[in-house]
file upload_29.cif (mmCIF, C-alpha atoms)
data_data
#
loop_
_atom_site.group_PDB
_atom_site.id
_atom_site.type_symbol
_atom_site.label_atom_id
_atom_site.label_comp_id
_atom_site.auth_asym_id
_atom_site.auth_seq_id
_atom_site.Cartn_x
_atom_site.Cartn_y
_atom_site.Cartn_z
ATOM 1 C CA MET N 1 -6.155 23.460 -23.368
ATOM 2 C CA PRO N 2 -3.889 20.564 -22.309
ATOM 3 C CA LEU N 3 -1.489 19.294 -24.965
ATOM 4 C CA ASN N 4 -3.076 15.821 -25.156
ATOM 5 C CA THR N 5 -6.556 17.295 -25.547
ATOM 6 C CA GLY N 6 -5.369 19.477 -28.419
ATOM 7 C CA ALA N 7 -3.795 16.450 -30.097
ATOM 8 C CA CYS N 8 -7.043 14.487 -29.806
ATOM 9 C CA ILE N 9 -9.108 17.348 -31.222
ATOM 10 C CA ALA N 10 -6.638 17.785 -34.078
ATOM 11 C CA VAL N 11 -7.320 14.225 -35.266
ATOM 12 C CA TYR N 12 -10.223 15.638 -37.258
ATOM 13 C CA SER N 13 -9.929 18.747 -39.389
ATOM 14 C CA SER N 14 -12.168 21.642 -38.420
ATOM 15 C CA GLU N 15 -14.294 20.936 -41.506
ATOM 16 C CA ASN N 16 -15.078 17.398 -40.319
ATOM 17 C CA LEU N 17 -18.431 17.011 -38.538
ATOM 18 C CA LEU N 18 -16.741 15.028 -35.753
ATOM 19 C CA HIS N 19 -14.295 17.827 -34.957
ATOM 20 C CA GLU N 20 -16.825 19.849 -32.930
ATOM 21 C CA LYS N 21 -18.189 16.738 -31.196
ATOM 22 C CA VAL N 22 -14.675 15.670 -30.121
ATOM 23 C CA LYS N 23 -13.899 19.230 -29.043
ATOM 24 C CA GLU N 24 -17.113 19.431 -26.951
ATOM 25 C CA THR N 25 -16.490 15.990 -25.426
ATOM 26 C CA PHE N 26 -12.944 16.855 -24.415
ATOM 27 C CA ALA N 27 -14.146 20.161 -22.959
ATOM 28 C CA LEU N 28 -16.490 18.101 -20.746
ATOM 29 C CA TYR N 29 -13.600 15.795 -19.770
ATOM 30 C CA ASP N 30 -11.442 18.814 -18.973
ATOM 31 C CA ASP N 31 -14.200 20.280 -16.780
ATOM 32 C CA LEU N 32 -14.634 16.909 -15.053
ATOM 33 C CA ALA N 33 -10.912 16.697 -14.333
ATOM 34 C CA LYS N 34 -10.878 20.219 -12.872
ATOM 35 C CA LYS N 35 -13.860 19.429 -10.622
ATOM 36 C CA LEU N 36 -12.237 16.175 -9.512
ATOM 37 C CA TYR N 37 -9.009 18.013 -8.726
ATOM 38 C CA ALA N 38 -10.873 20.577 -6.601
ATOM 39 C CA LEU N 39 -12.731 17.784 -4.764
ATOM 40 C CA CYS N 40 -9.516 15.837 -4.181
ATOM 41 C CA LEU N 41 -7.819 18.912 -2.725
ATOM 42 C CA LEU N 42 -10.581 19.118 -0.129
ATOM 43 C CA MET N 43 -10.418 15.387 0.555
ATOM 44 C CA LYS N 44 -6.648 15.440 0.951
ATOM 45 C CA SER N 45 -6.522 18.528 3.159
ATOM 46 C CA GLN N 46 -5.900 18.083 6.860
ATOM 47 C CA LYS N 47 -7.591 21.416 7.574
ATOM 48 C CA THR N 48 -11.081 21.883 8.996
ATOM 49 C CA LEU N 49 -13.677 21.555 6.272
ATOM 50 C CA GLU N 50 -17.180 22.981 6.242
ATOM 51 C CA LEU N 51 -19.786 20.507 5.029
ATOM 52 C CA LYS N 52 -21.284 23.149 2.722
ATOM 53 C CA ASN N 53 -17.969 23.561 0.870
ATOM 54 C CA PHE N 54 -17.474 19.813 0.565
ATOM 55 C CA ASP N 55 -21.064 19.285 -0.624
ATOM 56 C CA ASN N 56 -20.665 22.046 -3.221
ATOM 57 C CA ALA N 57 -17.430 20.559 -4.589
ATOM 58 C CA LEU N 58 -18.977 17.099 -4.623
ATOM 59 C CA LEU N 59 -22.082 18.368 -6.393
ATOM 60 C CA ASP N 60 -19.926 20.186 -8.970
ATOM 61 C CA TYR N 61 -18.095 16.920 -9.643
ATOM 62 C CA ILE N 62 -21.302 14.864 -9.899
ATOM 63 C CA LEU N 63 -22.828 17.364 -12.321
ATOM 64 C CA ALA N 64 -19.635 17.338 -14.399
ATOM 65 C CA TRP N 65 -19.710 13.499 -14.358
ATOM 66 C CA ASP N 66 -23.337 13.482 -15.517
ATOM 67 C CA ALA N 67 -22.517 15.940 -18.310
ATOM 68 C CA ALA N 68 -19.458 13.981 -19.486
ATOM 69 C CA PHE N 69 -21.051 10.533 -19.117
ATOM 70 C CA PRO N 70 -24.821 10.958 -19.479
ATOM 71 C CA GLY N 71 -26.749 7.860 -18.504
ATOM 72 C CA LYS N 72 -23.672 6.029 -17.218
ATOM 73 C CA PRO N 73 -23.964 4.519 -13.733
ATOM 74 C CA TYR N 74 -21.848 5.790 -10.876
ATOM 75 C CA PHE N 75 -18.885 3.649 -9.853
ATOM 76 C CA ASN N 76 -18.621 2.254 -6.306
ATOM 77 C CA LYS N 77 -16.192 4.854 -4.986
ATOM 78 C CA LEU N 78 -18.381 7.657 -6.289
ATOM 79 C CA HIS N 79 -21.281 6.073 -4.429
ATOM 80 C CA PHE N 80 -19.110 6.144 -1.290
ATOM 81 C CA LEU N 81 -18.260 9.816 -1.876
ATOM 82 C CA MET N 82 -21.890 10.731 -2.421
ATOM 83 C CA MET N 83 -23.586 8.685 0.273
ATOM 84 C CA HIS N 84 -21.104 8.238 3.108
ATOM 85 C CA LEU N 85 -18.324 10.820 3.046
ATOM 86 C CA PRO N 86 -20.600 13.829 3.685
ATOM 87 C CA ASP N 87 -21.686 12.179 6.965
ATOM 88 C CA PHE N 88 -18.030 11.827 7.930
ATOM 89 C CA VAL N 89 -17.304 15.473 7.088
ATOM 90 C CA GLU N 90 -20.386 16.600 9.007
ATOM 91 C CA GLU N 91 -19.380 14.598 12.085
ATOM 92 C CA TYR N 92 -15.635 15.266 12.132
ATOM 93 C CA GLY N 93 -15.276 18.522 10.185
ATOM 94 C CA ILE N 94 -12.470 17.049 8.113
ATOM 95 C CA CYS N 95 -12.157 14.707 5.217
ATOM 96 C CA GLY N 96 -8.397 14.208 5.165
ATOM 97 C CA ARG N 97 -8.540 11.453 7.771
ATOM 98 C CA VAL N 98 -9.960 9.122 5.127
ATOM 99 C CA SER N 99 -7.108 9.667 2.695
ATOM 100 C CA ALA N 100 -4.709 6.790 2.018
ATOM 101 C CA GLU N 101 -2.098 8.004 4.474
ATOM 102 C CA SER N 102 -4.676 8.140 7.226
ATOM 103 C CA HIS N 103 -5.572 4.507 6.698
ATOM 104 C CA GLU N 104 -1.981 3.809 7.625
ATOM 105 C CA SER N 105 -2.673 5.438 10.983
ATOM 106 C CA VAL N 106 -5.275 2.752 11.702
ATOM 107 C CA HIS N 107 -2.376 0.388 12.340
ATOM 108 C CA THR N 108 -1.100 2.748 15.030
ATOM 109 C CA MET N 109 -4.523 2.978 16.661
ATOM 110 C CA MET N 110 -4.894 -0.798 16.588
ATOM 111 C CA ALA N 111 -1.412 -1.274 18.039
ATOM 112 C CA LYS N 112 -2.281 1.104 20.893
ATOM 113 C CA SER N 113 -5.512 -0.763 21.597
ATOM 114 C CA LYS N 114 -3.694 -4.082 21.475
ATOM 115 C CA GLU N 115 -1.041 -2.754 23.857
ATOM 116 C CA ALA N 116 -3.676 -1.481 26.287
ATOM 117 C CA MET N 117 -5.543 -4.782 26.254
ATOM 118 C CA LYS N 118 -2.643 -7.196 26.469
ATOM 119 C CA ARG N 119 -2.326 -6.604 30.211
ATOM 120 C CA MET N 120 -5.996 -7.452 30.738
ATOM 121 C CA ALA N 121 -6.445 -10.994 31.988
ATOM 122 C CA SER N 122 -10.152 -11.189 31.170
ATOM 123 C CA THR N 123 -11.111 -11.858 27.561
ATOM 124 C CA LYS N 124 -14.500 -10.376 28.357
ATOM 125 C CA GLN N 125 -12.869 -7.130 29.515
ATOM 126 C CA LYS N 126 -10.727 -7.062 26.348
ATOM 127 C CA TYR N 127 -13.824 -7.298 24.150
ATOM 128 C CA ARG N 128 -15.706 -4.680 26.138
ATOM 129 C CA THR N 129 -12.737 -2.283 25.943
ATOM 130 C CA LEU N 130 -12.312 -2.834 22.210
ATOM 131 C CA PHE N 131 -16.012 -2.314 21.510
ATOM 132 C CA ALA N 132 -16.136 0.785 23.726
ATOM 133 C CA ARG N 133 -13.214 2.328 21.838
ATOM 134 C CA ALA N 134 -14.727 1.413 18.485
ATOM 135 C CA THR N 135 -17.995 3.161 19.293
ATOM 136 C CA ALA N 136 -16.897 6.175 21.266
ATOM 137 C CA ASN N 137 -18.891 8.443 18.916
ATOM 138 C CA SER N 138 -21.960 6.246 18.442
ATOM 139 C CA SER N 139 -24.022 8.472 20.755
ATOM 140 C CA SER N 140 -24.108 11.095 17.985
ATOM 141 C CA ILE N 141 -25.912 8.691 15.630
ATOM 142 C CA PHE N 142 -29.315 9.280 17.219
ATOM 143 C CA SER N 143 -30.533 12.798 17.917
ATOM 144 C CA SER N 144 -33.795 12.031 19.724
ATOM 145 C CA THR N 145 -36.760 9.701 19.960
ATOM 146 C CA GLU N 146 -40.307 10.166 18.750
ATOM 147 C CA THR N 147 -43.497 8.192 19.071
ATOM 148 C CA VAL N 148 -45.569 7.380 16.003
ATOM 149 C CA ASN N 149 -48.839 5.457 16.420
ATOM 150 C CA GLY N 150 -47.721 4.354 19.870
ATOM 151 C CA GLU N 151 -44.369 2.977 18.575
ATOM 152 C CA GLU N 152 -41.014 4.442 19.646
ATOM 153 C CA TYR N 153 -38.572 5.471 16.904
ATOM 154 C CA LEU N 154 -34.976 6.677 17.075
ATOM 155 C CA VAL N 155 -34.384 9.815 15.020
ATOM 156 C CA LEU N 156 -31.093 9.692 13.136
ATOM 157 C CA PHE N 157 -28.727 12.620 13.566
ATOM 158 C CA GLY N 158 -28.790 15.219 10.797
ATOM 159 C CA GLY N 159 -32.349 14.528 9.672
ATOM 160 C CA GLN N 160 -31.391 11.295 7.930
ATOM 161 C CA GLY N 161 -34.627 9.578 8.924
ATOM 162 C CA ARG N 162 -35.646 7.301 11.749
ATOM 163 C CA ILE N 163 -35.622 3.638 12.671
ATOM 164 C CA HIS N 164 -37.854 1.643 14.963
ATOM 165 C CA SER N 165 -36.238 1.437 18.397
ATOM 166 C CA LYS N 166 -36.426 -2.382 18.381
ATOM 167 C CA TYR N 167 -33.773 -2.343 15.608
ATOM 168 C CA ARG N 168 -31.333 -0.137 17.555
ATOM 169 C CA ASP N 169 -28.741 -2.856 18.212
ATOM 170 C CA GLN N 170 -28.791 -4.153 14.646
ATOM 171 C CA PHE N 171 -28.504 -0.621 13.266
ATOM 172 C CA LEU N 172 -25.537 0.186 15.503
ATOM 173 C CA TYR N 173 -23.895 -3.079 14.495
ATOM 174 C CA VAL N 174 -24.202 -2.262 10.788
ATOM 175 C CA LYS N 175 -23.341 1.440 11.165
ATOM 176 C CA THR N 176 -20.438 1.178 13.620
ATOM 177 C CA GLY N 177 -19.411 -2.465 13.717
ATOM 178 C CA ARG N 178 -20.186 -2.587 17.438
ATOM 179 C CA ALA N 179 -21.874 -5.800 18.522
ATOM 180 C CA PRO N 180 -24.479 -5.411 21.280
ATOM 181 C CA ASP N 181 -23.362 -6.486 24.761
ATOM 182 C CA ASP N 182 -25.656 -9.514 24.844
ATOM 183 C CA TRP N 183 -24.166 -10.705 21.540
ATOM 184 C CA VAL N 184 -20.671 -10.282 22.970
ATOM 185 C CA ASP N 185 -21.694 -12.081 26.161
ATOM 186 C CA GLY N 186 -23.072 -14.957 24.091
ATOM 187 C CA PHE N 187 -19.828 -15.163 22.164
ATOM 188 C CA LEU N 188 -17.780 -15.070 25.337
ATOM 189 C CA GLN N 189 -19.735 -18.004 26.737
ATOM 190 C CA THR N 190 -18.756 -20.207 23.798
ATOM 191 C CA GLU N 191 -15.580 -22.218 23.512
ATOM 192 C CA LEU N 192 -14.344 -19.923 20.713
ATOM 193 C CA CYS N 193 -12.609 -17.304 22.861
#

call {"tool": "encode", "arguments": {"input": "upload_29.cif", "output": "structure tokens"}}
result
Amino acid sequence: MPLNTGACIAVYSSENLLHEKVKETFALYDDLAKKLYALCLLMKSQKTLELKNFDNALLDYILAWDAAFPGKPYFNKLHFLMMHLPDFVEEYGICGRVSAESHESVHTMMAKSKEAMKRMASTKQKYRTLFARATANSSSIFSSTETVNGEEYLVLFGGQGRIHSKYRDQFLYVKTGRAPDDWVDGFLQTELC
């Protein structure tokens, strides 16, 4: 038992009714901390990560959270871990690229893109190049199409559901940040660029 936990439990004598409650609560906090540590090790690692292992560590942490804080809502970053990071791990087989140090590498990627585009005379070509680089992996978002009641739907990769094909461009814009070509063309025709 960590020193601080022992000090907190020792606030009440073992005869006090609150002693056991404090002891049980700190045991839950200790378990939560251990599960968070294990999850963070996976997130920090730069080694290949199997989705199953990440999902198991994440589930262990969520269950420990629910036990330690029953009825308490999840915080925003936990929502991100639960709803978005597994997709990243499934697609890239690694989680470490989203650690803080990796965000620093975004600057390098942006600098390389900026360097590649600065020699381009056409603003339109610059935008097209930037959008193409930003969405290099967008083809893996949709796995197939299917027809339901005569309407075409795009099936999302990994069994995540489907969307009506008429919303393809809007979905890609929200999911990847890539504006459809006709939107870009409209922008390029304005006086803004």

call {"tool": "closest_residue", "arguments": {"input": "upload_29.cif", "among": "N:Met83, N:Val174, N:Ala27, N:Val22", "to": "Ala64 (chain N)", "atoms": "only C-alpha atoms"}}
result
N:Ala27

call {"tool": "resolve_selection", "arguments": {"input": "upload_29.cif", "expression": "the PyMOL selection byres ((chain N and resi 69-80) around 12)", "output": "ChimeraX atom specification"}}
result
/N:25-26,28-29,32,36,39,58-59,61-68,81-88,98

call {"tool": "write_last_selection", "arguments": {"input": "upload_29.cif", "atoms": "C-alpha atoms", "output": "tab-separated table (two decimals), in the coordinates of the input"}}
result
chain	number	residue	atom	x	y	z
N	25	THR	CA	-16.49	15.99	-25.43
N	26	PHE	CA	-12.94	16.86	-24.42
N	28	LEU	CA	-16.49	18.10	-20.75
N	29	TYR	CA	-13.60	15.80	-19.77
N	32	LEU	CA	-14.63	16.91	-15.05
N	36	LEU	CA	-12.24	16.18	-9.51
N	39	LEU	CA	-12.73	17.78	-4.76
N	58	LEU	CA	-18.98	17.10	-4.62
N	59	LEU	CA	-22.08	18.37	-6.39
N	61	TYR	CA	-18.10	16.92	-9.64
N	62	ILE	CA	-21.30	14.86	-9.90
N	63	LEU	CA	-22.83	17.36	-12.32
N	64	ALA	CA	-19.64	17.34	-14.40
N	65	TRP	CA	-19.71	13.50	-14.36
N	66	ASP	CA	-23.34	13.48	-15.52
N	67	ALA	CA	-22.52	15.94	-18.31
N	68	ALA	CA	-19.46	13.98	-19.49
N	81	LEU	CA	-18.26	9.82	-1.88
N	82	MET	CA	-21.89	10.73	-2.42
N	83	MET	CA	-23.59	8.68	0.27
N	84	HIS	CA	-21.10	8.24	3.11
N	85	LEU	CA	-18.32	10.82	3.05
N	86	PRO	CA	-20.60	13.83	3.68
N	87	ASP	CA	-21.69	12.18	6.96
N	88	PHE	CA	-18.03	11.83	7.93
N	98	VAL	CA	-9.96	9.12	5.13

call {"tool": "atom_distance", "arguments": {"input": "upload_29.cif", "atom1": "CA of Thr129 (chain N)", "atom2": "CA of Phe187 (chain N)"}}
result
15.2 Å

call {"tool": "atom_distance", "arguments": {"input": "upload_29.cif", "atom1": "CA of Asp169 (chain N)", "atom2": "CA of Lys114 (chain N)"}}
result
25.3 Å

call {"tool": "atom_distance", "arguments": {"input": "upload_29.cif", "atom1": "CA of Met117 (chain N)", "atom2": "CA of Tyr173 (chain N)"}}
result
21.9 Å

call {"tool": "residues_around", "arguments": {"input": "upload_29.cif", "residues": "region 153-159 of chain N", "least_positions_apart": "2", "cutoff": "10 Å", "atoms": "only C-alpha atoms", "output": "list of chain:residue names"}}
result
N:Asp87, N:Glu90, N:Glu91, N:Ser139, N:Ser140, N:Ile141, N:Phe142, N:Ser143, N:Ser144, N:Thr145, N:Glu146, N:Thr147, N:Val148, N:Gly150, N:Glu151, N:Gly161, N:Arg162, N:Ile163, N:His164, N:Ser165, N:Lys166, N:Tyr167, N:Arg168

call {"tool": "axis_aligned_box", "arguments": {"input": "upload_29.cif", "around": "region 21-40 of chain N", "padding_each_side": "8 Å", "output": "AutoDock Vina command-line options"}}
result
--center_x -13.6 --center_y 18.1 --center_z -17.7 --size_x 25.2 --size_y 20.9 --size_z 43.0

call {"tool": "closest_residue", "arguments": {"input": "upload_29.cif", "among": "N:Gln160, N:Ala57, N:Asp182, N:Ala121", "to": "Tyr37 (chain N)", "atoms": "all atoms listed in the file"}}
result
N:Ala57

call {"tool": "resolve_selection", "arguments": {"input": "upload_29.cif", "expression": "the PyMOL selection byres ((chain N and resi 93) around 8)", "output": "MDAnalysis selection string"}}
result
chainID N and resid 48:51 88:92 94:95
